[in-house]
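Here is the structure we will look at, set down as C-alpha cells.
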Amino acid sequence: MLTARDIMTDRVVTIGPDAFLQEAIELIMLREVSGLPVVDESHRLVGIITEFALLTTAYDPKTACDKVGQHMTAEVLSVNADDPIRKVADQFIVHRVRRVPVLDRGRLVGLISRRDVLKAVYETQPQACSVRR
C-alpha cells in the first residue's frame, strides 16, 4: 500500500513566519509553486501562505512589508508520512485544498499535491479502460 512518504515531494520550498510577504511572492514566482509551508527554526510547521493570501498586496502594496506570520493560515491540514494514499486523497476531497504538508514526528518532511496523488494512482493501478486516440 502506498503511503504519503512514497508519493511526497521532499524538496519543499519553505519560508519563516518573520519573512516579508514580498519574499514569499518572490519565492512563489521563482520556484513556480502555489504556496509555501511556513516553518520555525526547528522545521516545525506553523502555517502555510498561499497565492490567495498574497493577493492582498494587489489591494494595498504596503502589505508587501507585512510579515508572513500575519497573513498565513495557522490551522493547516497535514498528513503523517506513514498515512495511506487514501487518507491523503480524503484531505483533498473533503477540504478542497491544493497541497498537504507531510509530517514525521511533528517536523515537515514533504509536501503532496493533488497531482502527486493522481500520478501515483495512474502509475500503480491497472488501466481498466481502453483509451482511443
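Numbering starts fresh at 1 for the residues of each chain in the C-alpha cells, the chains themselves are lettered A, B, ... in the order given, and ligands are numbered from 1 as they appear.
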Report task. Quick one: everything within 10 Å of Leu103 in chain A, counting only C-alpha atoms, minus sequence neighbours fewer than 6 positions away in the same chain. Send it as a list in words. Result -> Ala4, Arg5, Arg44, Leu45, Ser78, Val79, Asn80, Ala81, Asp82, Asp83, Val109, Gly110 and Leu111 of chain A
Requested in this report: Could you pull out the residues in range 3-51 of chain A that DSSP calls strand (DSSP E or B) from the backbone, as a ChimeraX atom specification?
Outcome: /A:3,9,15,20,35-39,44-50
Go ahead and write the selection's residues with N, CA and C atoms as a compact mmCIF listing (two decimals), in the first residue's frame.
# COMPACT_ATOMS: atom_id res chain seq x y z
N THR A 3 2.07 4.99 0.67
CA THR A 3 1.90 5.92 1.78
C THR A 3 2.26 7.34 1.32
N THR A 9 6.78 15.05 -2.30
CA THR A 9 7.97 15.76 -2.74
C THR A 9 8.74 16.11 -1.49
N ILE A 15 9.26 28.88 4.04
CA ILE A 15 9.55 30.26 4.44
C ILE A 15 9.29 30.36 5.93
N PHE A 20 9.10 38.72 4.99
CA PHE A 20 8.13 39.67 4.44
C PHE A 20 7.28 38.99 3.35
N GLY A 35 2.10 27.79 -3.17
CA GLY A 35 2.02 28.05 -1.74
C GLY A 35 3.29 27.59 -1.06
N LEU A 36 3.48 28.10 0.15
CA LEU A 36 4.70 27.79 0.90
C LEU A 36 4.36 27.38 2.33
N PRO A 37 4.83 26.22 2.77
CA PRO A 37 4.72 25.91 4.18
C PRO A 37 5.56 26.90 4.98
N VAL A 38 5.03 27.31 6.11
CA VAL A 38 5.74 28.23 7.00
C VAL A 38 6.27 27.40 8.17
N VAL A 39 7.58 27.44 8.37
CA VAL A 39 8.21 26.62 9.41
C VAL A 39 9.02 27.50 10.37
N ARG A 44 9.48 22.91 12.29
CA ARG A 44 8.12 22.51 12.65
C ARG A 44 7.15 23.40 11.89
N LEU A 45 6.11 22.80 11.37
CA LEU A 45 5.11 23.51 10.59
C LEU A 45 4.30 24.43 11.50
N VAL A 46 4.26 25.72 11.15
CA VAL A 46 3.47 26.68 11.93
C VAL A 46 2.36 27.32 11.11
N GLY A 47 2.37 27.07 9.79
CA GLY A 47 1.33 27.65 8.95
C GLY A 47 1.61 27.40 7.48
N ILE A 48 0.80 28.03 6.64
CA ILE A 48 1.00 27.97 5.20
C ILE A 48 0.57 29.30 4.61
N ILE A 49 1.33 29.77 3.63
CA ILE A 49 0.99 31.01 2.93
C ILE A 49 0.76 30.65 1.47
N THR A 50 -0.36 31.12 0.93
CA THR A 50 -0.73 30.74 -0.44
C THR A 50 -0.80 31.97 -1.34
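In this comparison, which uses only C-alpha atoms, the residue of A:Val97, A:Ala58, A:Ala89, A:Ala19 approaching Val117 in chain A most closely is A:Ala89.
Shortest atom-to-atom contact with Met8 in chain A among A:Ser113, A:Ser42, A:Thr63, A:Thr56: A:Ser113, counting only C-alpha atoms.
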Query raised in the report: Could you name the residues that touch range 53-55 of chain A at 8 Å or less, counting only C-alpha atoms, but leaving out those on the same chain fewer than 6 positions away, as a PyMOL selection string?
Result: chain A and resi 21+25+71-72
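Shortest atom-to-atom contact with Arg99 in chain A among A:Gly16, A:Ala64, A:Leu77, A:Lys119: A:Leu77, counting only C-alpha atoms.
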Query raised in the report: Taking into account only C-alpha atoms, which residue in the set A:Leu2, A:Arg114, A:Ala24, A:Gln125 is nearest to Arg96 in chain A?
Result: A:Arg114
Query raised in the report: How many Å separate CA of Arg11 in chain A from CA of Glu26 in chain A?
Result: 17.6 Å
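As for CA of Val68 in chain A and CA of Glu23 in chain A, they are spaced 8.8 Å apart.
Counting from CA of Ser34 in chain A, the distance to CA of Met1 in chain A is 28.6 Å.
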